[in-house]
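Below is final12.cif, holding mmCIF, C-alpha atoms; chains and numbers go by the auth columns.
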data_input
loop_
_atom_site.group_PDB
_atom_site.id
_atom_site.type_symbol
_atom_site.label_atom_id
_atom_site.label_comp_id
_atom_site.label_asym_id
_atom_site.label_seq_id
_atom_site.Cartn_x
_atom_site.Cartn_y
_atom_site.Cartn_z
_atom_site.B_iso_or_equiv
_atom_site.auth_seq_id
_atom_site.auth_asym_id
ATOM 1 C CA MET A 1 -10.504 9.646 20.154 0.00 20 A
ATOM 2 C CA PRO A 2 -13.185 7.151 21.150 0.00 21 A
ATOM 3 C CA SER A 3 -14.381 7.441 24.737 0.00 22 A
ATOM 4 C CA ALA A 4 -13.784 4.708 27.300 0.00 23 A
ATOM 5 C CA ALA A 5 -17.510 3.906 27.165 0.00 24 A
ATOM 6 C CA GLU A 6 -17.437 3.537 23.367 0.00 25 A
ATOM 7 C CA ARG A 7 -14.295 1.391 23.446 0.00 26 A
ATOM 8 C CA THR A 8 -15.802 -0.906 26.072 0.00 27 A
ATOM 9 C CA ARG A 9 -19.113 -1.158 24.227 0.00 28 A
ATOM 10 C CA THR A 10 -17.213 -2.051 21.057 0.00 29 A
ATOM 11 C CA LEU A 11 -15.432 -4.876 22.887 0.00 30 A
ATOM 12 C CA VAL A 12 -18.673 -6.230 24.377 0.00 31 A
ATOM 13 C CA GLN A 13 -20.331 -6.318 20.953 0.00 32 A
ATOM 14 C CA SER A 14 -17.246 -7.729 19.192 0.00 33 A
ATOM 15 C CA THR A 15 -16.064 -11.321 18.891 0.00 34 A
ATOM 16 C CA CYS A 16 -13.184 -10.893 21.332 0.00 35 A
ATOM 17 C CA SER A 17 -12.953 -13.532 24.059 0.00 36 A
ATOM 18 C CA GLY A 18 -14.840 -13.055 27.298 0.00 37 A
ATOM 19 C CA ALA A 19 -15.402 -14.931 30.532 0.00 38 A
ATOM 20 C CA LEU A 20 -17.621 -14.414 33.533 0.00 39 A
ATOM 21 C CA LEU A 21 -15.838 -14.307 36.889 0.00 40 A
ATOM 22 C CA ILE A 22 -17.923 -15.182 39.967 0.00 41 A
ATOM 23 C CA SER A 23 -16.208 -15.124 43.340 0.00 42 A
ATOM 24 C CA GLY A 24 -16.197 -18.479 45.112 0.00 43 A
ATOM 25 C CA LEU A 25 -17.542 -20.407 42.128 0.00 44 A
ATOM 26 C CA ASP A 26 -15.497 -23.503 41.315 0.00 45 A
ATOM 27 C CA VAL A 27 -15.663 -24.929 37.794 0.00 46 A
ATOM 28 C CA LEU A 28 -14.129 -28.024 36.235 0.00 47 A
ATOM 29 C CA ARG A 29 -13.140 -26.165 33.060 0.00 48 A
ATOM 30 C CA PRO A 30 -12.602 -22.431 32.474 0.00 49 A
ATOM 31 C CA ASP A 31 -14.684 -22.585 29.293 0.00 50 A
ATOM 32 C CA GLN A 32 -17.774 -23.252 31.428 0.00 51 A
ATOM 33 C CA LEU A 33 -17.780 -19.535 32.267 0.00 52 A
ATOM 34 C CA VAL A 34 -17.491 -18.383 28.645 0.00 53 A
ATOM 35 C CA PRO A 35 -20.901 -17.178 27.369 0.00 54 A
ATOM 36 C CA GLU A 36 -22.152 -18.528 24.055 0.00 55 A
ATOM 37 C CA ALA A 37 -23.376 -15.068 23.106 0.00 56 A
ATOM 38 C CA ARG A 38 -23.423 -11.587 24.574 0.00 57 A
ATOM 39 C CA THR A 39 -25.158 -8.337 23.739 0.00 58 A
ATOM 40 C CA VAL A 40 -26.184 -5.064 25.358 0.00 59 A
ATOM 41 C CA GLY A 41 -29.757 -4.594 26.541 0.00 60 A
ATOM 42 C CA PRO A 42 -31.913 -1.474 26.128 0.00 61 A
ATOM 43 C CA ASP A 43 -30.898 -0.069 29.520 0.00 62 A
ATOM 44 C CA GLY A 44 -27.189 -0.735 29.141 0.00 63 A
ATOM 45 C CA GLU A 45 -27.193 -4.094 30.900 0.00 64 A
ATOM 46 C CA VAL A 46 -25.070 -6.882 29.428 0.00 65 A
ATOM 47 C CA LEU A 47 -27.025 -9.980 28.400 0.00 66 A
ATOM 48 C CA LEU A 48 -25.169 -13.308 28.391 0.00 67 A
ATOM 49 C CA VAL A 49 -26.371 -16.656 27.029 0.00 68 A
ATOM 50 C CA PHE A 50 -25.226 -19.870 28.736 0.00 69 A
ATOM 51 C CA PRO A 51 -26.310 -23.519 28.643 0.00 70 A
ATOM 52 C CA ALA A 52 -29.115 -23.966 31.153 0.00 71 A
ATOM 53 C CA ASP A 53 -27.027 -26.393 33.220 0.00 72 A
ATOM 54 C CA SER A 54 -23.909 -24.200 33.375 0.00 73 A
ATOM 55 C CA PRO A 55 -22.305 -23.259 36.732 0.00 74 A
ATOM 56 C CA ALA A 56 -23.027 -19.583 36.061 0.00 75 A
ATOM 57 C CA VAL A 57 -26.766 -20.245 35.625 0.00 76 A
ATOM 58 C CA ARG A 58 -26.890 -22.404 38.748 0.00 77 A
ATOM 59 C CA ALA A 59 -25.126 -19.704 40.766 0.00 78 A
ATOM 60 C CA ALA A 60 -27.472 -16.975 39.515 0.00 79 A
ATOM 61 C CA THR A 61 -30.544 -19.149 40.128 0.00 80 A
ATOM 62 C CA HIS A 62 -29.622 -19.788 43.752 0.00 81 A
ATOM 63 C CA ALA A 63 -28.354 -16.289 44.563 0.00 82 A
ATOM 64 C CA VAL A 64 -29.895 -14.690 47.651 0.00 83 A
ATOM 65 C CA ASP A 65 -31.925 -11.513 46.946 0.00 84 A
ATOM 66 C CA ASP A 66 -30.491 -11.331 43.413 0.00 85 A
ATOM 67 C CA GLU A 67 -27.208 -10.031 44.818 0.00 86 A
ATOM 68 C CA LEU A 68 -24.704 -12.219 42.977 0.00 87 A
ATOM 69 C CA ALA A 69 -21.626 -10.127 42.190 0.00 88 A
ATOM 70 C CA ALA A 70 -19.861 -10.982 38.944 0.00 89 A
ATOM 71 C CA VAL A 71 -17.321 -9.551 36.504 0.00 90 A
ATOM 72 C CA LEU A 72 -17.288 -9.952 32.741 0.00 91 A
ATOM 73 C CA GLU A 73 -13.651 -9.947 31.645 0.00 92 A
ATOM 74 C CA LEU A 74 -12.943 -9.296 27.962 0.00 93 A
ATOM 75 C CA THR A 75 -9.617 -9.831 26.203 0.00 94 A
ATOM 76 C CA ASP A 76 -8.948 -8.217 22.834 0.00 95 A
ATOM 77 C CA VAL A 77 -6.223 -9.864 20.724 0.00 96 A
ATOM 78 C CA ALA A 78 -4.907 -8.404 17.480 0.00 97 A
ATOM 79 C CA PRO A 79 -6.151 -10.404 14.450 0.00 98 A
ATOM 80 C CA VAL A 80 -2.683 -10.263 12.870 0.00 99 A
ATOM 81 C CA SER A 81 0.653 -11.572 14.121 0.00 100 A
ATOM 82 C CA VAL A 82 2.517 -8.817 15.982 0.00 101 A
ATOM 83 C CA PRO A 83 4.730 -8.646 19.077 0.00 102 A
ATOM 84 C CA ASN A 84 2.541 -8.414 22.209 0.00 103 A
ATOM 85 C CA ARG A 85 -0.745 -9.308 20.514 0.00 104 A
ATOM 86 C CA ILE A 86 -3.089 -8.419 23.384 0.00 105 A
ATOM 87 C CA ARG A 87 -4.514 -5.019 22.497 0.00 106 A
ATOM 88 C CA GLY A 88 -6.613 -4.552 25.587 0.00 107 A
ATOM 89 C CA ARG A 89 -8.779 -5.861 28.381 0.00 108 A
ATOM 90 C CA ALA A 90 -11.998 -4.654 29.932 0.00 109 A
ATOM 91 C CA TRP A 91 -13.747 -5.529 33.182 0.00 110 A
ATOM 92 C CA LEU A 92 -17.469 -4.947 33.629 0.00 111 A
ATOM 93 C CA SER A 93 -18.539 -5.509 37.230 0.00 112 A
ATOM 94 C CA GLY A 94 -22.092 -5.796 38.480 0.00 113 A
ATOM 95 C CA TRP A 95 -24.864 -8.063 39.665 0.00 114 A
ATOM 96 C CA LEU A 96 -26.040 -11.192 37.913 0.00 115 A
ATOM 97 C CA THR A 97 -29.625 -12.404 37.585 0.00 116 A
ATOM 98 C CA CYS A 98 -31.522 -14.893 35.417 0.00 117 A
ATOM 99 C CA LEU A 99 -34.026 -13.953 32.719 0.00 118 A
ATOM 100 C CA PRO A 100 -36.191 -17.097 32.470 0.00 119 A
ATOM 101 C CA GLY A 101 -37.877 -17.886 29.165 0.00 120 A
ATOM 102 C CA VAL A 102 -35.862 -15.415 27.084 0.00 121 A
ATOM 103 C CA ALA A 103 -33.293 -17.730 25.503 0.00 122 A
ATOM 104 C CA GLU A 104 -33.902 -20.727 23.248 0.00 123 A
ATOM 105 C CA PRO A 105 -34.563 -24.176 24.777 0.00 124 A
ATOM 106 C CA GLY A 106 -31.608 -25.585 26.676 0.00 125 A
ATOM 107 C CA ARG A 107 -30.165 -22.101 27.123 0.00 126 A
ATOM 108 C CA MET A 108 -30.577 -19.397 29.741 0.00 127 A
ATOM 109 C CA MET A 109 -29.997 -15.678 29.463 0.00 128 A
ATOM 110 C CA LEU A 110 -28.262 -13.941 32.346 0.00 129 A
ATOM 111 C CA ARG A 111 -28.478 -10.199 32.982 0.00 130 A
ATOM 112 C CA LEU A 112 -25.406 -8.343 34.261 0.00 131 A
ATOM 113 C CA GLU A 113 -26.485 -5.002 35.731 0.00 132 A
ATOM 114 C CA LEU A 114 -23.363 -2.865 35.636 0.00 133 A
ATOM 115 C CA GLY A 115 -21.812 -1.019 38.542 0.00 134 A
ATOM 116 C CA ASP A 116 -18.194 -0.444 37.526 0.00 135 A
ATOM 117 C CA ILE A 117 -16.412 -0.476 34.165 0.00 136 A
ATOM 118 C CA CYS A 118 -12.674 -0.333 33.500 0.00 137 A
ATOM 119 C CA VAL A 119 -10.813 -0.637 30.192 0.00 138 A
ATOM 120 C CA ASP A 120 -7.051 -1.035 29.740 0.00 139 A
ATOM 121 C CA ASP A 121 -6.170 -0.808 26.052 0.00 140 A
ATOM 122 C CA LEU A 122 -3.990 0.934 23.476 0.00 141 A
ATOM 123 C CA TRP A 123 -5.371 4.278 24.664 0.00 142 A
ATOM 124 C CA GLY A 124 -4.496 3.680 28.319 0.00 143 A
ATOM 125 C CA VAL A 125 -6.421 2.799 31.474 0.00 144 A
ATOM 126 C CA GLU A 126 -9.787 4.488 31.979 0.00 145 A
ATOM 127 C CA ASN A 127 -13.035 4.007 33.835 0.00 146 A
ATOM 128 C CA ALA A 128 -16.460 4.445 32.270 0.00 147 A
ATOM 129 C CA GLU A 129 -19.772 5.207 33.924 0.00 148 A
ATOM 130 C CA PRO A 130 -22.587 2.699 33.329 0.00 149 A
ATOM 131 C CA ASP A 131 -24.834 5.512 32.066 0.00 150 A
ATOM 132 C CA ALA A 132 -22.210 6.525 29.492 0.00 151 A
ATOM 133 C CA PHE A 133 -21.833 2.881 28.459 0.00 152 A
ATOM 134 C CA ALA A 134 -25.605 2.619 27.963 0.00 153 A
ATOM 135 C CA ARG A 135 -25.618 5.698 25.710 0.00 154 A
ATOM 136 C CA ALA A 136 -22.507 4.738 23.735 0.00 155 A
ATOM 137 C CA ALA A 137 -22.518 2.976 20.371 0.00 156 A
ATOM 138 C CA ALA A 138 -20.016 0.410 19.138 0.00 157 A
ATOM 139 C CA ASP A 139 -17.521 1.619 16.562 0.00 158 A
ATOM 140 C CA PRO A 140 -19.122 1.313 13.087 0.00 159 A
ATOM 141 C CA LEU A 141 -15.983 -0.319 11.654 0.00 160 A
ATOM 142 C CA ALA A 142 -15.688 -2.964 14.389 0.00 161 A
ATOM 143 C CA GLU A 143 -17.459 -5.718 12.444 0.00 162 A
ATOM 144 C CA TYR A 144 -15.083 -5.231 9.490 0.00 163 A
ATOM 145 C CA GLU A 145 -11.853 -4.628 11.405 0.00 164 A
ATOM 146 C CA THR A 146 -10.493 -8.187 11.468 0.00 165 A
ATOM 147 C CA GLU A 147 -10.958 -8.738 7.720 0.00 166 A
ATOM 148 C CA LEU A 148 -9.560 -5.299 6.852 0.00 167 A
ATOM 149 C CA LEU A 149 -6.443 -5.629 9.005 0.00 168 A
ATOM 150 C CA GLN A 150 -5.706 -9.108 7.693 0.00 169 A
ATOM 151 C CA HIS A 151 -6.133 -7.883 4.116 0.00 170 A
ATOM 152 C CA LEU A 152 -3.791 -4.946 4.662 0.00 171 A
ATOM 153 C CA HIS A 153 -1.241 -7.226 6.296 0.00 172 A
ATOM 154 C CA SER A 154 -1.295 -9.880 3.568 0.00 173 A
ATOM 155 C CA SER A 155 -1.740 -7.762 0.433 0.00 174 A
ATOM 156 C CA HIS A 156 -0.407 -4.253 1.088 0.00 175 A
ATOM 157 C CA ASP A 157 2.945 -4.800 2.753 0.00 176 A
ATOM 158 C CA GLU A 158 4.780 -2.223 0.633 0.00 177 A
ATOM 159 C CA GLN A 159 2.170 0.450 1.273 0.00 178 A
ATOM 160 C CA MET A 160 2.307 -0.315 4.998 0.00 179 A
ATOM 161 C CA LEU A 161 6.106 0.072 4.977 0.00 180 A
ATOM 162 C CA GLY A 162 5.670 3.316 3.043 0.00 181 A
ATOM 163 C CA LEU A 163 4.058 4.840 6.130 0.00 182 A
ATOM 164 C CA TYR A 164 7.577 5.194 7.568 0.00 183 A
ATOM 165 C CA SER A 165 7.829 8.393 5.528 0.00 184 A
ATOM 166 C CA LEU A 166 5.138 10.009 7.700 0.00 185 A
ATOM 167 C CA LEU A 167 6.800 9.230 11.043 0.00 186 A
ATOM 168 C CA GLY A 168 9.404 11.984 11.165 0.00 187 A
ATOM 169 C CA GLU A 169 11.678 11.754 14.224 0.00 188 A
ATOM 170 C CA GLN A 170 9.694 8.826 15.588 0.00 189 A
ATOM 171 C CA ALA A 171 11.084 6.633 12.785 0.00 190 A
ATOM 172 C CA ASP A 172 14.626 7.018 14.191 0.00 191 A
ATOM 173 C CA GLY A 173 16.274 7.031 10.787 0.00 192 A
ATOM 174 C CA ALA A 174 15.490 6.002 7.257 0.00 193 A
ATOM 175 C CA ARG A 175 13.725 2.772 6.396 0.00 194 A
ATOM 176 C CA ALA A 176 16.040 -0.247 6.414 0.00 195 A
ATOM 177 C CA ALA A 177 16.011 -3.933 5.534 0.00 196 A
ATOM 178 C CA GLY A 178 14.264 -5.943 8.212 0.00 197 A
ATOM 179 C CA ASP A 179 11.855 -3.154 9.124 0.00 198 A
ATOM 180 C CA ARG A 180 8.229 -4.226 9.425 0.00 199 A
ATOM 181 C CA ALA A 181 4.922 -2.388 9.587 0.00 200 A
ATOM 182 C CA VAL A 182 1.876 -4.356 10.724 0.00 201 A
ATOM 183 C CA PRO A 183 -1.674 -2.928 10.927 0.00 202 A
ATOM 184 C CA LEU A 184 -2.693 -3.191 14.569 0.00 203 A
ATOM 185 C CA ALA A 185 -6.037 -1.483 15.071 0.00 204 A
ATOM 186 C CA LEU A 186 -8.646 0.453 13.170 0.00 205 A
ATOM 187 C CA ASP A 187 -11.539 2.642 14.293 0.00 206 A
ATOM 188 C CA ARG A 188 -13.613 5.484 12.937 0.00 207 A
ATOM 189 C CA PHE A 189 -11.083 8.055 14.109 0.00 208 A
ATOM 190 C CA GLY A 190 -7.888 6.537 12.708 0.00 209 A
ATOM 191 C CA PHE A 191 -5.463 3.728 12.088 0.00 210 A
ATOM 192 C CA ARG A 192 -2.753 2.305 14.350 0.00 211 A
ATOM 193 C CA VAL A 193 0.357 0.504 13.082 0.00 212 A
ATOM 194 C CA ARG A 194 3.024 -1.433 14.972 0.00 213 A
ATOM 195 C CA PHE A 195 6.472 -0.804 13.505 0.00 214 A
ATOM 196 C CA THR A 196 9.439 -3.050 14.234 0.00 215 A
ATOM 197 C CA ARG A 197 12.980 -1.951 13.491 0.00 216 A
ATOM 198 C CA GLY A 198 15.892 -4.371 13.548 0.00 217 A
ATOM 199 C CA ARG A 199 16.779 -7.761 12.208 0.00 218 A
ATOM 200 C CA GLY A 200 13.226 -9.044 12.488 0.00 219 A
ATOM 201 C CA ASP A 201 14.241 -12.172 14.375 0.00 220 A
ATOM 202 C CA GLY A 202 12.540 -11.307 17.643 0.00 221 A
ATOM 203 C CA THR A 203 15.792 -10.687 19.502 0.00 222 A
ATOM 204 C CA ALA A 204 16.678 -7.754 21.707 0.00 223 A
ATOM 205 C CA ALA A 205 18.037 -6.004 18.608 0.00 224 A
ATOM 206 C CA ASP A 206 14.444 -5.457 17.469 0.00 225 A
ATOM 207 C CA ARG A 207 12.584 -2.329 18.611 0.00 226 A
ATOM 208 C CA SER A 208 8.826 -2.065 18.318 0.00 227 A
ATOM 209 C CA PHE A 209 6.670 1.021 18.647 0.00 228 A
ATOM 210 C CA ASP A 210 3.159 2.062 17.695 0.00 229 A
ATOM 211 C CA ALA A 211 2.176 5.005 15.530 0.00 230 A
ATOM 212 C CA ARG A 212 -1.301 6.427 15.204 0.00 231 A
ATOM 213 C CA PHE A 213 -2.543 7.974 11.946 0.00 232 A
ATOM 214 C CA GLU A 214 -5.642 10.100 12.471 0.00 233 A
ATOM 215 C CA PHE A 215 -8.234 10.489 9.734 0.00 234 A
ATOM 216 C CA PRO A 216 -9.159 14.063 8.702 0.00 235 A
ATOM 217 C CA GLU A 217 -12.674 13.368 10.002 0.00 236 A
ATOM 218 C CA PRO A 218 -14.389 10.369 11.632 0.00 237 A
ATOM 219 C CA VAL A 219 -15.251 7.599 9.175 0.00 238 A
ATOM 220 C CA ARG A 220 -18.860 6.409 9.069 0.00 239 A
ATOM 221 C CA ASP A 221 -18.688 3.423 6.729 0.00 240 A
ATOM 222 C CA ILE A 222 -16.485 1.329 4.436 0.00 241 A
ATOM 223 C CA ALA A 223 -16.709 3.842 1.584 0.00 242 A
ATOM 224 C CA GLY A 224 -15.445 6.585 3.864 0.00 243 A
ATOM 225 C CA LEU A 225 -12.690 4.317 5.139 0.00 244 A
ATOM 226 C CA ARG A 226 -11.498 3.563 1.593 0.00 245 A
ATOM 227 C CA ARG A 227 -11.200 7.288 0.911 0.00 246 A
ATOM 228 C CA ALA A 228 -9.362 7.913 4.176 0.00 247 A
ATOM 229 C CA MET A 229 -6.902 5.047 3.608 0.00 248 A
ATOM 230 C CA HIS A 230 -6.303 6.137 0.006 0.00 249 A
ATOM 231 C CA THR A 231 -5.490 9.651 1.199 0.00 250 A
ATOM 232 C CA LEU A 232 -3.139 8.272 3.856 0.00 251 A
ATOM 233 C CA PHE A 233 -1.221 6.026 1.453 0.00 252 A
ATOM 234 C CA GLU A 234 -1.042 8.822 -1.127 0.00 253 A
ATOM 235 C CA ALA A 235 0.501 11.131 1.484 0.00 254 A
ATOM 236 C CA ALA A 236 3.064 8.447 2.360 0.00 255 A
ATOM 237 C CA ALA A 237 3.957 7.862 -1.288 0.00 256 A
ATOM 238 C CA GLY A 238 4.249 11.574 -2.046 0.00 257 A
#

Take the structure in the file and write it out as structure tokens.
Amino acid sequence: MPSAAERTRTLVQSTCSGALLISGLDVLRPDQLVPEARTVGPDGEVLLVFPADSPAVRAATHAVDDELAAVLELTDVAPVSVPNRIRGRAWLSGWLTCLPGVAEPGRMMLRLELGDICVDDLWGVENAEPDAFARAAADPLAEYETELLQHLHSSHDEQMLGLYSLLGEQADGARAAGDRAVPLALDRFGFRVRFTRGRGDGTAADRSFDARFEFPEPVRDIAGLRRAMHTLFEAAAG
């Protein structure tokens, strides 16, 4: 399974939503604390781009002794429609400073030097050390995940439902009308699906659960993923 550091790094480098939280800073609109871009620096620091006149830039500029505490909060939402769409959250806490002259005109880059990292996602709640975060790499499938999950959901419904045959006792009976199988998450180690059993009308009669399908070996690229998914669907059909 991916480490907490890898999962957090994947979220930072993804397009999931993120906001900077600075204690005591009042803003007129929450979107004023949403960075226009974010990336990871060479030493594992998180680099955030904001308009030069943003509240976050003003706070960092006037911080005493560069000791402005801040938290980058990330929220990961499934790119397909499923019950309980939030797949995870991460909080990266540290100290915020300005990097003058790095960003394009009218923008300012802020540096978040990390102290604490926590991720709460489909794997559970874990902490990650800043050094491990700095060494980690984002999942190689992350940039393709949204498109792949949406494609599977829209064009391979019958194959997705066929995965019921691999669930064993977890399926709680044979496949029935109203059952649904929606692709929830994808990484180099495997594939996660959210199954819903019941009438499919969102009432208490519905029961949702997740199932994880591990790949025989970690996938490095799209070609490897195609082979792994083909093998998985073949096993379900057989």

For this session: Starting from the displayed file, determine the output of the PyMOL selection byres ((chain A and resi 59) around 10) and express the residue list as a list of chain:residue names.
Result: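 Applied to this file, the PyMOL selection byres ((chain A and resi 59) around 10) returns A:Arg28, A:Val31, A:Gln32, A:Arg57, A:Thr58, A:Gly60, A:Pro61, A:Asp62, A:Gly63, A:Glu64, A:Val65, A:Leu66, A:Leu67, A:Arg130, A:Leu131, A:Phe152, A:Ala153.
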
Exercise. Smallest atom-to-atom distance to A:Pro98: which of A:Leu40, A:Val138, A:Leu167, A:Ala151, using only C-alpha atoms?
Worked result: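 Closest candidate: A:Leu167.
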
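One distance worth recording is that between atom CA of A:Pro54 and atom CA of A:Ile136, which is 18.6 Å.
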
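With only C-alpha atoms as the atoms that count, the minimum distance from A:Leu185 to the choices A:Val212, A:Val238, A:Val201, A:Leu118 is reached by A:Val212.
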
Exercise. Which residues match the PyMOL selection byres ((chain A and resi 232) around 6) in the file above, as a ChimeraX atom specification?
Worked result: /A:209-210,231,233

Problem set entry | Point-to-point distance from atom CA of A:Gly181 to atom CA of A:Pro235, Å rounded to tenths | 19.2 Å

Residue contacts of A:Asn103 (12 Å, only C-alpha atoms) excluding same-chain residues fewer than 2 positions away, as a PDB file with C-alpha atoms, in the coordinates of the input:
ATOM      1  CA  ASP A  95      -8.948  -8.217  22.834  1.00  0.00           C
ATOM      2  CA  VAL A  96      -6.223  -9.864  20.724  1.00  0.00           C
ATOM      3  CA  ALA A  97      -4.907  -8.404  17.480  1.00  0.00           C
ATOM      4  CA  PRO A  98      -6.151 -10.404  14.450  1.00  0.00           C
ATOM      5  CA  VAL A  99      -2.683 -10.263  12.870  1.00  0.00           C
ATOM      6  CA  SER A 100       0.653 -11.572  14.121  1.00  0.00           C
ATOM      7  CA  VAL A 101       2.517  -8.817  15.982  1.00  0.00           C
ATOM      8  CA  ILE A 105      -3.089  -8.419  23.384  1.00  0.00           C
ATOM      9  CA  ARG A 106      -4.514  -5.019  22.497  1.00  0.00           C
ATOM     10  CA  GLY A 107      -6.613  -4.552  25.587  1.00  0.00           C
ATOM     11  CA  LEU A 141      -3.990   0.934  23.476  1.00  0.00           C
ATOM     12  CA  LEU A 203      -2.693  -3.191  14.569  1.00  0.00           C
ATOM     13  CA  ARG A 213       3.024  -1.433  14.972  1.00  0.00           C
ATOM     14  CA  THR A 215       9.439  -3.050  14.234  1.00  0.00           C
ATOM     15  CA  GLY A 221      12.540 -11.307  17.643  1.00  0.00           C
ATOM     16  CA  SER A 227       8.826  -2.065  18.318  1.00  0.00           C
ATOM     17  CA  PHE A 228       6.670   1.021  18.647  1.00  0.00           C
ATOM     18  CA  ASP A 229       3.159   2.062  17.695  1.00  0.00           C
TER      19      ASP A 229
END

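Here the question is which of A:Asp206, A:Asp139, A:Glu164, A:Asp198 gets nearest to A:Pro237 using all atoms listed in the file, and that residue is A:Asp206.
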
Exercise. Of the residues A:Asp158, A:Ala75, A:Phe234, A:Phe208, which is the one nearest to A:Arg246, using all atoms listed in the file?
Worked result: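 Of the candidates, the smallest distance to A:Arg246 is held by A:Phe234.
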
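Residue nearest A:His175 within the list A:Met248, A:Val76, A:Ala254, A:Cys137: A:Met248 [criterion: smallest interatomic distance, all atoms listed in the file].
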
Problem set entry | Point-to-point distance from atom CA of A:Ala204 to atom CA of A:Glu177, Å rounded to tenths |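 About the pair atom CA of A:Ala204 and atom CA of A:Glu177: they are 18.1 Å apart.
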
Exercise. So which residues get picked by the PyMOL selection byres ((chain A and resi 87) around 10) here, written as a list in words?
Worked result: Ile41, Ser42, Ala78, Ala79, Thr80, His81, Ala82, Val83, Asp84, Asp85, Glu86, Ala88, Ala89, Gly113, Trp114, Leu115, Thr116 and Leu131 of chain A

For this session: Find, counting all atoms listed in the file, the residue in A:Ala56, A:Leu30, A:Ala256, A:Leu47 that gets nearest to A:Ala122.
Result: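 Closest to A:Ala122, using all atoms listed in the file: A:Ala56.
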